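Participant: Can you keep this structure in mind? I'll have questions shortly.
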Amino acid sequence: MIERITGMINFRSKIEIEDISVWMDGGSITLKCRNENDQYFEIEFVQNVSWSLYESQNIPGRIYLDKELINQRSNLETEIINGLIKAELKSRNSLDQRMLNEKLEYVSSEGYLTDQVKIRRVKRT
C-alpha cells in the first residue's frame with residue numbers, strides 16, 4: 001500500500017513543513033507537509049526513548065508516512081530524509097528546528113538500525 005501512496009508524492013520537489021505536532025510520549029513528532037505540487041502528506045518520527053511496544057502502537061524509533069511504516073534505509077526513506085533536510089520550516093521557533101534536526105540526525109545514525117533490538121512487545125492486560 002505504501003508504494004501506491006508514495007508513487008504519487010514527489011519528495012524531490014521543494015517541501016514546506018507547515019506544522020510540527022509534538023506528542024507527549026517521550027519525543028514523537030508529526031510533520032504536516034506540502035510540496036511544490038500541492039501534495040499534502042504527514043511524516044511521523046516515533047519517539048526513541050521507550051522501547052516497550054504495545055499492541056496497535058507505532059514502532060519506537062521509526063518513520064511513518066501518512067500512518068504507514070517506512071522500511072529502514074529504503075530508497076523511499078532516503079528520499080524523505082533528503083527532502084526534509086532541504087525543506088522549509090514555516091515555524092520560526094528554534095525549538096521546532098532543533099527537534100527536527102535531532103530526528104534527522106537519529107535516523108541517519110547507526111543507532112537507528114541497532115536500537116531496534118531494544119524493542120519489547122508488551123500485551124495489554
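By order of appearance in the C-alpha cells: chains A, B, ..., then residues from 1 within every chain, and ligands from 1 in the order shown.
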DSSP on the backbone: which residues in stretch 8-111 of chain A end up as helix (DSSP H, G or I)? Give the answer as a list of chain:residue names.

Facilitator: A:Asn75, A:Leu76, A:Glu77, A:Thr78, A:Glu79, A:Ile80, A:Ile81, A:Asn82, A:Gly83, A:Leu84, A:Ile85, A:Lys86, A:Ser94, A:Leu95, A:Asp96, A:Gln97, A:Arg98, A:Met99, A:Leu100, A:Asn101, A:Glu102, A:Lys103, A:Leu104, A:Glu105, A:Tyr106, A:Val107, A:Gly111

Participant: Name the residues of stretch 2-117 of chain A that come out as strand (DSSP E) in a backbone DSSP run; write them as a PyMOL selection string.

Facilitator: chain A and resi 15-22+29-35+40-45+52-54+63-65+68-69+88-89

Participant: What lies within 10 Å of A:Asp115 using only C-alpha atoms, ignoring chain neighbours under 4 positions off, as a PyMOL selection string?

Facilitator: chain A and resi 48+51+60-61+110-111+119

Participant: What's the 7 Å shell around A:Ile15, counting only C-alpha atoms, without same-chain residues fewer than 4 positions away, as JSON, numbers by chain?

Facilitator: {"A": [33, 34, 35, 36, 83, 84, 87, 88]}

Participant: Have a look at A:Asn37, A:Val22, A:Phe11, A:Ser74 and name the one nearest to A:Leu95; count only C-alpha atoms.

Facilitator: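 Result for the nearest residue to A:Leu95: A:Val22.
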
Participant: Provide the atom CA of A:Gln116 to atom CA of A:Leu31 distance in Å, to one decimal place.

Facilitator: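 Computing the Euclidean distance for atom CA of A:Gln116 and atom CA of A:Leu31 yields 22.5 Å.
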
Participant: Could you pull the residues within 12 Å of A:Thr78, counting only C-alpha atoms, minus those fewer than 3 positions along the same chain, as a VMD selection string?

Facilitator: chain A and resid 11 to 12 63 70 to 75 81 to 85 104 107 to 108

Participant: Those residues with N, CA, C and O atoms, as a CSV table (one decimal), in the first residue's frame please?

Facilitator:
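Result file is part_9.csv:
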```csv
chain,number,residue,atom,x,y,z
A,11,PHE,N,8.9,13.7,-3.6
A,11,PHE,CA,9.7,14.1,-2.4
A,11,PHE,C,10.9,14.9,-2.9
A,11,PHE,O,11.6,15.5,-2.1
A,12,ARG,N,11.2,14.9,-4.2
A,12,ARG,CA,12.3,15.7,-4.7
A,12,ARG,C,12.0,17.2,-5.0
A,12,ARG,O,12.8,18.0,-5.1
A,63,ILE,N,10.0,5.7,11.2
A,63,ILE,CA,9.4,6.8,10.4
A,63,ILE,C,8.1,6.2,9.8
A,63,ILE,O,8.1,5.1,9.2
A,70,ILE,N,7.6,3.0,7.1
A,70,ILE,CA,8.6,3.1,6.0
A,70,ILE,C,9.7,2.2,6.4
A,70,ILE,O,10.2,2.1,7.5
A,71,ASN,N,10.2,1.4,5.4
A,71,ASN,CA,11.3,0.5,5.6
A,71,ASN,C,12.6,1.2,5.9
A,71,ASN,O,12.9,2.2,5.2
A,72,GLN,N,13.3,0.8,6.8
A,72,GLN,CA,14.6,1.4,7.2
A,72,GLN,C,15.6,1.3,6.0
A,72,GLN,O,15.7,0.3,5.4
A,73,ARG,N,16.2,2.4,5.8
A,73,ARG,CA,17.3,2.5,4.7
A,73,ARG,C,16.8,2.2,3.3
A,73,ARG,O,17.6,1.9,2.4
A,74,SER,N,15.5,2.3,3.1
A,74,SER,CA,14.9,2.1,1.8
A,74,SER,C,15.2,3.3,0.9
A,74,SER,O,15.5,4.4,1.5
A,75,ASN,N,15.0,3.2,-0.4
A,75,ASN,CA,15.1,4.4,-1.3
A,75,ASN,C,14.0,5.4,-0.9
A,75,ASN,O,14.3,6.6,-0.9
A,81,ILE,N,14.0,11.7,3.8
A,81,ILE,CA,15.1,12.3,4.7
A,81,ILE,C,15.7,13.5,3.9
A,81,ILE,O,15.9,14.6,4.4
A,82,ASN,N,16.2,13.2,2.7
A,82,ASN,CA,16.8,14.2,1.9
A,82,ASN,C,15.9,15.4,1.6
A,82,ASN,O,16.3,16.6,1.6
A,83,GLY,N,14.6,15.1,1.4
A,83,GLY,CA,13.6,16.2,1.2
A,83,GLY,C,13.4,17.0,2.4
A,83,GLY,O,13.3,18.3,2.3
A,84,LEU,N,13.4,16.4,3.6
A,84,LEU,CA,13.2,17.1,4.8
A,84,LEU,C,14.5,17.9,5.2
A,84,LEU,O,14.4,19.0,5.8
A,85,ILE,N,15.7,17.4,4.8
A,85,ILE,CA,16.9,18.2,5.1
A,85,ILE,C,16.8,19.5,4.4
A,85,ILE,O,17.2,20.6,4.9
A,104,LEU,N,16.3,14.0,12.4
A,104,LEU,CA,17.0,13.7,11.1
A,104,LEU,C,18.4,13.1,11.4
A,104,LEU,O,18.9,12.2,10.7
A,107,VAL,N,17.9,9.3,12.6
A,107,VAL,CA,17.6,8.3,11.5
A,107,VAL,C,18.7,8.1,10.6
A,107,VAL,O,18.7,7.2,9.8
A,108,SER,N,19.7,9.0,10.6
A,108,SER,CA,20.9,8.9,9.8
A,108,SER,C,22.0,8.2,10.6
A,108,SER,O,23.1,7.9,10.0
```

Participant: Which residue out of A:Glu79, A:Tyr40, A:Val49, A:Ile29 has the minimum interatomic distance to A:Lys118 when only C-alpha atoms are used?

Facilitator: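 Smallest separation from A:Lys118 among the options: A:Val49.
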
Participant: Have a look at atom CA of A:Trp23 and atom CA of A:Ile9 and let me know their distance in Å, one decimal.

Facilitator: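 Interatomic distance, atom CA of A:Trp23 to atom CA of A:Ile9: 25.2 Å.
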
Participant: One decimal, Å: what's the distance from atom CA of A:Gly27 over to atom CA of A:Ser13, could you say?

Facilitator: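 Atom-to-atom, atom CA of A:Gly27 and atom CA of A:Ser13 are spaced 27.6 Å apart.
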
Participant: From the options A:Glu105, A:Lys32, A:Phe41, A:Val122, which residue's atoms come nearest to A:Glu68, counting only C-alpha atoms?

Facilitator: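 Using only C-alpha atoms, A:Glu68 sits closest to A:Phe41.
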
Participant: Go through A:Ser21, A:Ser94, A:Arg62, A:Gln57 one by one, measure the shortest atom-to-atom distance of each to A:Thr114 using only C-alpha atoms, and give the residue with the smallest value.

Facilitator: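 Among A:Ser21, A:Ser94, A:Arg62, A:Gln57, it is A:Arg62 that comes nearest to A:Thr114.
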
Participant: Which residue out of A:Ile43, A:Leu53, A:Met8, A:Leu76 has the minimum interatomic distance to A:Val117 when only C-alpha atoms are used?

Facilitator: A:Leu53

Participant: Go through A:Tyr64, A:Tyr106, A:Phe45, A:Tyr54 and flag the residue nearest A:Ser28, using only C-alpha atoms for the distances.

Facilitator: A:Phe45
